[in-house]
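> File structure29.cif follows (mmCIF, C-alpha atoms and all ligand atoms):
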```
data_final
loop_
_atom_site.group_PDB
_atom_site.id
_atom_site.type_symbol
_atom_site.label_atom_id
_atom_site.label_comp_id
_atom_site.auth_asym_id
_atom_site.auth_seq_id
_atom_site.Cartn_x
_atom_site.Cartn_y
_atom_site.Cartn_z
ATOM 1 C CA MET S 1 29.151 25.168 42.506
ATOM 2 C CA SER S 2 29.177 27.324 39.382
ATOM 3 C CA PHE S 3 28.798 31.109 39.586
ATOM 4 C CA ASN S 4 25.275 30.829 38.163
ATOM 5 C CA ASP S 5 24.296 28.238 40.777
ATOM 6 C CA PHE S 6 25.683 30.498 43.491
ATOM 7 C CA LEU S 7 23.639 33.428 42.167
ATOM 8 C CA LEU S 8 20.513 31.304 41.951
ATOM 9 C CA ALA S 9 20.949 29.939 45.461
ATOM 10 C CA ASN S 10 21.581 33.356 46.997
ATOM 11 C CA GLU S 11 19.665 35.798 44.827
ATOM 12 C CA LYS S 12 17.150 36.628 47.542
ATOM 13 C CA GLU S 13 19.897 37.408 50.078
ATOM 14 C CA ILE S 14 21.853 39.431 47.502
ATOM 15 C CA ARG S 15 18.795 41.514 46.588
ATOM 16 C CA MET S 16 17.754 41.954 50.230
ATOM 17 C CA SER S 17 21.211 43.201 51.249
ATOM 18 C CA PHE S 18 21.187 45.815 48.492
ATOM 19 C CA PHE S 19 17.610 46.809 49.361
ATOM 20 C CA PHE S 20 18.319 47.358 53.065
ATOM 21 C CA GLY S 21 21.734 48.905 52.412
ATOM 22 C CA MET S 22 20.257 51.459 50.032
ATOM 23 C CA LEU S 23 17.231 52.076 52.281
ATOM 24 C CA VAL S 24 19.480 52.940 55.233
ATOM 25 C CA PHE S 25 21.855 55.020 53.078
ATOM 26 C CA ILE S 26 19.083 57.197 51.584
ATOM 27 C CA ALA S 27 17.149 57.373 54.869
ATOM 28 C CA VAL S 28 20.217 58.763 56.652
ATOM 29 C CA TRP S 29 20.801 61.226 53.781
ATOM 30 C CA GLU S 30 17.159 62.358 54.129
ATOM 31 C CA LEU S 31 17.673 62.914 57.861
ATOM 32 C CA ILE S 32 20.837 64.941 57.389
ATOM 33 C CA ALA S 33 19.783 67.014 54.374
ATOM 34 C CA PRO S 34 16.083 66.721 53.491
ATOM 35 C CA LYS S 35 15.081 68.476 50.273
ATOM 36 C CA ARG S 36 11.487 69.302 51.278
ATOM 37 C CA ALA S 37 9.677 69.475 54.603
ATOM 38 C CA LEU S 38 7.327 66.490 54.906
ATOM 39 C CA THR S 39 3.618 67.376 55.031
ATOM 40 C CA MET S 40 2.476 64.447 57.161
ATOM 41 C CA SER S 41 3.677 62.008 59.814
ATOM 42 C CA LYS S 42 6.767 60.179 58.648
ATOM 43 C CA THR S 43 6.040 57.289 61.019
ATOM 44 C CA VAL S 44 2.592 56.680 59.505
ATOM 45 C CA ARG S 45 3.948 56.795 55.963
ATOM 46 C CA TRP S 46 6.950 54.603 56.697
ATOM 47 C CA VAL S 47 5.016 51.950 58.591
ATOM 48 C CA ASN S 48 2.365 51.736 55.866
ATOM 49 C CA ASN S 49 4.606 52.125 52.807
ATOM 50 C CA LEU S 50 7.048 49.508 54.092
ATOM 51 C CA GLY S 51 4.120 47.372 55.249
ATOM 52 C CA LEU S 52 2.937 47.302 51.628
ATOM 53 C CA VAL S 53 6.453 46.429 50.419
ATOM 54 C CA PHE S 54 6.727 43.442 52.798
ATOM 55 C CA PHE S 55 3.207 42.293 51.961
ATOM 56 C CA ASN S 56 4.099 42.431 48.240
ATOM 57 C CA SER S 57 7.332 40.478 48.643
ATOM 58 C CA PHE S 58 5.471 37.815 50.595
ATOM 59 C CA ILE S 59 2.790 37.495 47.878
ATOM 60 C CA LEU S 60 5.457 37.364 45.140
ATOM 61 C CA ARG S 61 7.348 34.609 46.931
ATOM 62 C CA VAL S 62 4.136 32.597 47.253
ATOM 63 C CA LEU S 63 3.016 33.133 43.652
ATOM 64 C CA PHE S 64 6.404 32.999 41.946
ATOM 65 C CA PRO S 65 8.891 31.102 44.099
ATOM 66 C CA ALA S 66 11.371 30.866 41.214
ATOM 67 C CA ALA S 67 11.429 34.639 40.623
ATOM 68 C CA ALA S 68 12.915 36.336 37.560
ATOM 69 C CA VAL S 69 16.342 34.693 37.903
ATOM 70 C CA GLY S 70 14.662 31.286 37.892
ATOM 71 C CA VAL S 71 12.971 32.134 34.591
ATOM 72 C CA ALA S 72 16.297 33.358 33.164
ATOM 73 C CA SER S 73 17.974 30.126 34.204
ATOM 74 C CA LEU S 74 15.185 28.048 32.654
ATOM 75 C CA ALA S 75 15.465 30.059 29.411
ATOM 76 C CA SER S 76 19.220 29.438 29.245
ATOM 77 C CA GLN S 77 18.828 25.683 29.892
ATOM 78 C CA GLN S 78 16.217 25.453 27.141
ATOM 79 C CA ASP S 79 17.995 27.860 24.763
ATOM 80 C CA TRP S 80 14.959 30.106 24.702
ATOM 81 C CA GLY S 81 15.126 33.760 23.769
ATOM 82 C CA LEU S 82 17.198 35.948 21.490
ATOM 83 C CA PHE S 83 20.503 35.896 23.382
ATOM 84 C CA ASN S 84 20.390 32.134 23.982
ATOM 85 C CA TYR S 85 19.426 31.369 20.392
ATOM 86 C CA PHE S 86 22.127 33.454 18.746
ATOM 87 C CA ASP S 87 25.781 33.196 19.604
ATOM 88 C CA ILE S 88 26.327 36.627 21.163
ATOM 89 C CA SER S 89 29.301 37.484 23.357
ATOM 90 C CA PHE S 90 28.541 37.283 27.083
ATOM 91 C CA ALA S 91 29.534 40.897 27.837
ATOM 92 C CA VAL S 92 27.354 42.272 25.015
ATOM 93 C CA ALA S 93 24.439 40.091 26.132
ATOM 94 C CA VAL S 94 24.728 41.342 29.733
ATOM 95 C CA VAL S 95 24.912 45.053 28.837
ATOM 96 C CA ALA S 96 22.232 44.833 26.126
ATOM 97 C CA SER S 97 19.899 42.826 28.386
ATOM 98 C CA VAL S 98 20.083 45.374 31.207
ATOM 99 C CA ILE S 99 19.410 48.261 28.772
ATOM 100 C CA ILE S 100 16.548 46.452 26.985
ATOM 101 C CA MET S 101 14.881 45.429 30.268
ATOM 102 C CA ASP S 102 15.080 49.067 31.402
ATOM 103 C CA PHE S 103 13.416 50.138 28.138
ATOM 104 C CA VAL S 104 10.590 47.636 28.736
ATOM 105 C CA ILE S 105 10.038 49.163 32.200
ATOM 106 C CA TYR S 106 9.851 52.621 30.587
ATOM 107 C CA ILE S 107 7.206 51.472 28.086
ATOM 108 C CA GLN S 108 5.319 49.709 30.876
ATOM 109 C CA HIS S 109 5.380 52.904 32.945
ATOM 110 C CA VAL S 110 4.012 54.985 30.044
ATOM 111 C CA MET S 111 1.247 52.394 29.535
ATOM 112 C CA VAL S 112 0.165 52.367 33.196
ATOM 113 C CA HIS S 113 -0.330 56.117 32.903
ATOM 114 C CA ALA S 114 -2.121 55.980 29.551
ATOM 115 C CA ILE S 115 -4.571 53.104 30.114
ATOM 116 C CA PRO S 116 -7.260 54.053 32.657
ATOM 117 C CA VAL S 117 -7.636 50.639 34.304
ATOM 118 C CA LEU S 118 -3.867 50.366 34.766
ATOM 119 C CA TRP S 119 -3.655 53.940 36.029
ATOM 120 C CA ARG S 120 -6.025 52.865 38.822
ATOM 121 C CA LEU S 121 -3.308 50.486 40.033
ATOM 122 C CA HIS S 122 -0.392 52.820 39.423
ATOM 123 C CA ARG S 123 -2.078 55.733 41.200
ATOM 124 C CA VAL S 124 -1.223 54.031 44.509
ATOM 125 C CA HIS S 125 2.410 54.927 43.769
ATOM 126 C CA HIS S 126 1.473 58.526 42.936
ATOM 127 C CA ALA S 127 -1.031 59.123 45.737
ATOM 128 C CA ASP S 128 1.706 59.333 48.384
ATOM 129 C CA LEU S 129 1.379 62.849 49.828
ATOM 130 C CA ASP S 130 5.111 63.110 50.431
ATOM 131 C CA TYR S 131 8.047 61.936 48.385
ATOM 132 C CA ASP S 132 10.823 59.959 50.014
ATOM 133 C CA VAL S 133 12.783 56.713 49.783
ATOM 134 C CA THR S 134 9.762 54.598 50.777
ATOM 135 C CA THR S 135 7.674 56.067 47.917
ATOM 136 C CA GLY S 136 10.078 54.337 45.536
ATOM 137 C CA ALA S 137 9.013 50.884 46.646
ATOM 138 C CA ARG S 138 5.311 51.496 47.215
ATOM 139 C CA PHE S 139 3.225 49.893 44.456
ATOM 140 C CA HIS S 140 -0.130 48.173 44.553
ATOM 141 C CA THR S 141 0.171 44.378 44.841
ATOM 142 C CA ILE S 142 -1.633 43.788 41.534
ATOM 143 C CA GLU S 143 0.737 46.184 39.749
ATOM 144 C CA ILE S 144 3.691 44.291 41.257
ATOM 145 C CA ILE S 145 2.253 40.972 39.995
ATOM 146 C CA LEU S 146 1.632 42.453 36.547
ATOM 147 C CA SER S 147 5.191 43.835 36.411
ATOM 148 C CA MET S 148 6.527 40.413 37.345
ATOM 149 C CA LEU S 149 4.564 38.738 34.525
ATOM 150 C CA ILE S 150 5.796 41.348 32.023
ATOM 151 C CA LYS S 151 9.346 40.721 33.265
ATOM 152 C CA PHE S 152 8.921 36.937 32.816
ATOM 153 C CA VAL S 153 7.718 37.376 29.213
ATOM 154 C CA THR S 154 10.574 39.796 28.494
ATOM 155 C CA ILE S 155 13.109 37.296 29.881
ATOM 156 C CA LEU S 156 11.633 34.407 27.883
ATOM 157 C CA LEU S 157 11.821 36.429 24.657
ATOM 158 C CA LEU S 158 15.210 37.968 25.350
ATOM 159 C CA GLY S 159 17.078 35.093 27.016
ATOM 160 C CA PRO S 160 19.328 37.339 29.146
ATOM 161 C CA PRO S 161 22.225 35.866 31.165
ATOM 162 C CA VAL S 162 21.187 35.174 34.782
ATOM 163 C CA ILE S 163 23.701 37.743 36.042
ATOM 164 C CA ALA S 164 22.080 40.413 33.812
ATOM 165 C CA VAL S 165 18.712 39.818 35.473
ATOM 166 C CA ILE S 166 20.266 40.138 38.925
ATOM 167 C CA ILE S 167 22.174 43.302 37.942
ATOM 168 C CA PHE S 168 18.988 44.747 36.422
ATOM 169 C CA GLU S 169 16.892 44.047 39.515
ATOM 170 C CA ILE S 170 19.489 45.451 41.903
ATOM 171 C CA VAL S 171 20.115 48.544 39.769
ATOM 172 C CA LEU S 172 16.385 49.203 39.294
ATOM 173 C CA ASN S 173 15.717 48.791 42.989
ATOM 174 C CA ALA S 174 18.675 50.943 44.023
ATOM 175 C CA THR S 175 17.972 53.726 41.522
ATOM 176 C CA ALA S 176 14.261 53.753 42.419
ATOM 177 C CA MET S 177 15.148 54.309 46.071
ATOM 178 C CA PHE S 178 17.817 56.878 45.179
ATOM 179 C CA ASN S 179 15.634 58.927 42.841
ATOM 180 C CA HIS S 180 12.621 58.898 45.152
ATOM 181 C CA GLY S 181 14.829 60.200 47.948
ATOM 182 C CA ASN S 182 13.843 63.431 49.650
ATOM 183 C CA ILE S 183 17.321 64.624 48.802
ATOM 184 C CA SER S 184 19.076 66.554 46.105
ATOM 185 C CA LEU S 185 22.461 66.837 44.550
ATOM 186 C CA PRO S 186 24.365 70.030 43.819
ATOM 187 C CA LYS S 187 22.944 71.574 40.599
ATOM 188 C CA THR S 188 25.989 70.892 38.429
ATOM 189 C CA ILE S 189 26.306 67.275 39.549
ATOM 190 C CA ASP S 190 22.582 66.741 38.959
ATOM 191 C CA LYS S 191 22.837 68.279 35.482
ATOM 192 C CA TYR S 192 25.564 65.854 34.382
ATOM 193 C CA LEU S 193 24.429 62.798 36.356
ATOM 194 C CA ARG S 194 20.971 62.964 34.780
ATOM 195 C CA LEU S 195 22.568 62.292 31.398
ATOM 196 C CA LEU S 196 23.336 58.798 32.735
ATOM 197 C CA LEU S 197 20.914 58.156 35.587
ATOM 198 C CA VAL S 198 17.488 59.390 36.701
ATOM 199 C CA THR S 199 18.178 61.787 39.601
ATOM 200 C CA PRO S 200 15.836 62.697 42.519
ATOM 201 C CA ASP S 201 15.123 66.147 41.017
ATOM 202 C CA MET S 202 14.294 64.548 37.664
ATOM 203 C CA HIS S 203 11.859 61.930 38.983
ATOM 204 C CA ARG S 204 10.231 64.281 41.522
ATOM 205 C CA VAL S 205 8.691 66.139 38.550
ATOM 206 C CA HIS S 206 6.822 62.910 37.733
ATOM 207 C CA HIS S 207 5.127 62.968 41.162
ATOM 208 C CA SER S 208 3.666 66.442 40.665
ATOM 209 C CA ILE S 209 -0.061 66.981 41.150
ATOM 210 C CA GLU S 210 -0.047 68.676 37.691
ATOM 211 C CA ASP S 211 -1.122 66.255 34.946
ATOM 212 C CA ASP S 212 1.363 67.414 32.350
ATOM 213 C CA GLU S 213 4.234 67.096 34.813
ATOM 214 C CA ALA S 214 3.085 63.662 36.003
ATOM 215 C CA ASN S 215 3.066 62.622 32.340
ATOM 216 C CA SER S 216 6.782 63.225 31.979
ATOM 217 C CA ASN S 217 10.025 61.634 33.219
ATOM 218 C CA PHE S 218 8.792 58.026 33.176
ATOM 219 C CA GLY S 219 12.306 56.531 33.377
ATOM 220 C CA PHE S 220 13.368 54.702 36.543
ATOM 221 C CA SER S 221 17.053 53.999 35.951
ATOM 222 C CA LEU S 222 18.121 55.300 32.540
ATOM 223 C CA PRO S 223 17.015 58.814 31.549
ATOM 224 C CA TRP S 224 17.577 58.278 27.793
ATOM 225 C CA TRP S 225 14.108 57.005 26.909
ATOM 226 C CA ASP S 226 12.421 60.195 28.123
ATOM 227 C CA ARG S 227 14.766 62.309 26.054
ATOM 228 C CA LEU S 228 14.399 60.028 23.041
ATOM 229 C CA PHE S 229 10.598 59.830 23.110
ATOM 230 C CA GLY S 230 9.861 63.426 24.094
ATOM 231 C CA THR S 231 8.648 62.833 27.641
ATOM 232 C CA TYR S 232 11.545 64.628 29.320
ATOM 233 C CA ARG S 233 10.874 67.657 31.528
ATOM 234 C CA ASP S 234 13.729 69.476 33.174
ATOM 235 C CA GLN S 235 12.129 70.984 36.319
ATOM 236 C CA PRO S 236 8.666 71.428 37.868
ATOM 237 C CA ARG S 237 6.966 74.787 37.080
ATOM 238 C CA GLY S 238 6.433 75.541 40.770
ATOM 239 C CA GLY S 239 10.016 74.647 41.694
ATOM 240 C CA HIS S 240 10.927 71.706 43.913
ATOM 241 C CA GLN S 241 9.811 73.519 47.064
ATOM 242 C CA GLY S 242 6.621 74.992 45.613
ATOM 243 C CA MET S 243 5.301 71.950 43.729
ATOM 244 C CA THR S 244 2.605 69.743 45.271
ATOM 245 C CA ILE S 245 3.200 65.984 45.430
ATOM 246 C CA GLY S 246 0.369 63.508 44.870
ATOM 247 C CA ILE S 247 -2.939 63.303 43.021
ATOM 248 C CA ASN S 248 -5.545 66.054 43.076
ATOM 249 C CA LYS S 249 -8.525 63.775 43.679
ATOM 250 C CA PHE S 250 -6.958 61.718 46.465
ATOM 251 C CA ARG S 251 -5.718 63.712 49.425
ATOM 252 C CA ASP S 252 -7.309 61.933 52.384
ATOM 253 C CA PRO S 253 -4.498 60.341 54.444
ATOM 254 C CA LYS S 254 -6.793 57.468 55.426
ATOM 255 C CA GLN S 255 -7.163 56.608 51.740
ATOM 256 C CA VAL S 256 -3.629 57.255 50.535
ATOM 257 C CA SER S 257 -1.340 56.713 53.519
ATOM 258 C CA TRP S 258 -2.862 53.800 55.438
ATOM 259 C CA LEU S 259 -2.412 50.294 54.045
ATOM 260 C CA PRO S 260 -6.116 49.283 53.796
ATOM 261 C CA GLY S 261 -6.892 52.541 51.948
ATOM 262 C CA MET S 262 -3.971 52.039 49.573
ATOM 263 C CA LEU S 263 -5.004 48.475 48.740
ATOM 264 C CA ALA S 264 -8.575 49.682 48.047
ATOM 265 C CA LEU S 265 -7.510 52.757 46.063
ATOM 266 C CA PRO S 266 -7.685 51.148 42.578
ATOM 267 C CA PHE S 267 -11.285 50.104 43.138
ATOM 268 C CA ILE S 268 -12.892 53.366 44.186
ATOM 269 C CA GLY S 269 -14.550 55.983 41.987
ATOM 270 C CA LYS S 270 -16.285 55.784 38.656
ATOM 271 C CA MET S 271 -14.558 54.196 35.683
ATOM 272 C CA SER S 272 -13.929 57.546 34.018
ATOM 273 C CA GLY S 273 -10.231 57.006 34.464
ATOM 274 C CA TYR S 274 -7.385 59.123 33.430
ATOM 275 C CA VAL S 275 -7.110 59.405 29.717
ATOM 276 C CA ILE S 276 -4.162 61.339 28.493
ATOM 277 C CA ASN S 277 -5.216 63.959 25.999
ATOM 278 C CA ARG S 278 -3.051 66.226 23.941
ATOM 279 C CA ARG S 279 -3.385 69.127 26.331
ATOM 280 C CA GLN S 280 -2.291 67.078 29.319
ATOM 281 C CA TRP S 281 0.512 65.439 27.449
ATOM 282 C CA ASN S 282 1.915 68.608 25.958
ATOM 283 C CA GLY S 283 1.287 70.772 28.962
ATOM 284 C CA LYS S 284 1.567 74.522 28.717
ATOM 285 C CA GLU S 285 2.400 74.789 25.042
ATOM 286 C CA ASP S 286 -0.974 73.461 23.980
ATOM 287 C CA LYS S 287 -3.284 75.332 26.349
HETATM 288 ZN ZN ZN V 301 4.148 56.979 37.291
HETATM 289 ZN ZN ZN V 302 7.873 57.308 41.206
#
```
Do you think you could lay out the structure here as structure tokens?
Ligand SMILES: [Zn+2]
Ligand SMILES: [Zn+2]

Amino acid sequence: MSFNDFLLANEKEIRMSFFFGMLVFIAVWELIAPKRALTMSKTVRWVNNLGLVFFNSFILRVLFPAAAVGVASLASQQDWGLFNYFDISFAVAVVASVIIMDFVIYIQHVMVHAIPVLWRLHRVHHADLDYDVTTGARFHTIEIILSMLIKFVTILLLGPPVIAVIIFEIVLNATAMFNHGNISLPKTIDKYLRLLLVTPDMHRVHHSIEDDEANSNFGFSLPWWDRLFGTYRDQPRGGHQGMTIGINKFRDPKQVSWLPGMLALPFIGKMSGYVINRRQWNGKEDK
């Protein structure tokens, strides 16, 4: 059995082990040293947030049994995509693929904030009234399906090595759980680590109830894109303890914390949406 075959045969188990390992690690960290006091029942949020995660993985398995690694393997067999077409060294292809796929996620994240109909889906992630490790995995099912399709297209165009897709998925999953953690690092460590990786204090700004703060720090794993494209914001105005998490319009726990409410959330309210204007985007400076 080649290494690729081994990865293909066991990718689900590999990803699951990292998911549960990281979930337990951050959950214990949150118990020992929580950053903020939670505003509502942890049990309700955990049961429903994780309920959504399991529902999503079930739907994905049914719709796309081959998953992203299957698409990467097909692309390599058929010589589809940039890195399969050109003779590029394996190491360069792996590193470049992981970085490019992270950039695509950044662009996707900016788009789901900017386009009203997509914001309706993405607001399920933002409507969580508290911010902890389970927030990092809570996305509406349709947004998860859309992300998967975008990932498939990216893989077909890019032709990344199978191992790069697995590394990318594990790193994205692990960093999303880490930086949604209700935890924090010592200031100096955070300051340097966020040059390389999105930290909890950096991503928490993105979950602020304030529009201009929610429209910053879109990165999930790599923080470079925010700095490069001017969407980086160092800290929340109200401080990490004073800031409010969530969305102004949606504060009813039944709607934002219970699974049926979350699944219905994209479909309620008039189609006025959430159009980013200059004032929101630029925040204070432009008021
Ligand atoms: Zn967002
Ligand atoms: Zn988030």
> Taking the file above as input, evaluate the PyMOL selection byres (((not hetatm)) within 9 of (chain V and resi 302)) and report the hits as a count of residues only.
16
> List the neighbours of range 98-102 of chain S out to 10 Å using all atoms listed in the file; skip same-chain residues closer than 4 positions along the sequence, and give me the result as number ranges by chain.
S: 93-94, 106-108, 151, 154-155, 158, 160-161, 163-169, 171-172, 219-223, 225
> Env of range 27-39 of chain S: 10 Å cut, atoms = all atoms listed in the file, seq-sep filter 5 positions within chain, self excluded. Answer as a list in words.
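Counting all atoms listed in the file, the residues come to Gly21, Met22, Leu129, Asp130, Tyr131, Asp132, Val133, Thr134, Met177, Phe178, Gly181, Asn182, Ile183, Ser184, Leu185, Pro200, Asp201, His240, Gln241, Gly242 and Ile245 of chain S.
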> So how many Å separate CA of Leu52 in chain S and CA of Ala264 in chain S, to one decimal?
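According to the coordinates, CA of Leu52 in chain S and CA of Ala264 in chain S are separated by 12.3 Å.
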> From the set S:Ser208, S:Asn248, S:Thr175, S:Asn84, which residue has the shortest atom-to-atom contact distance to Leu196 in chain S, counting only C-alpha atoms?
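Looking only at the distances to Leu196 in chain S, the closest residue turns out to be S:Thr175.
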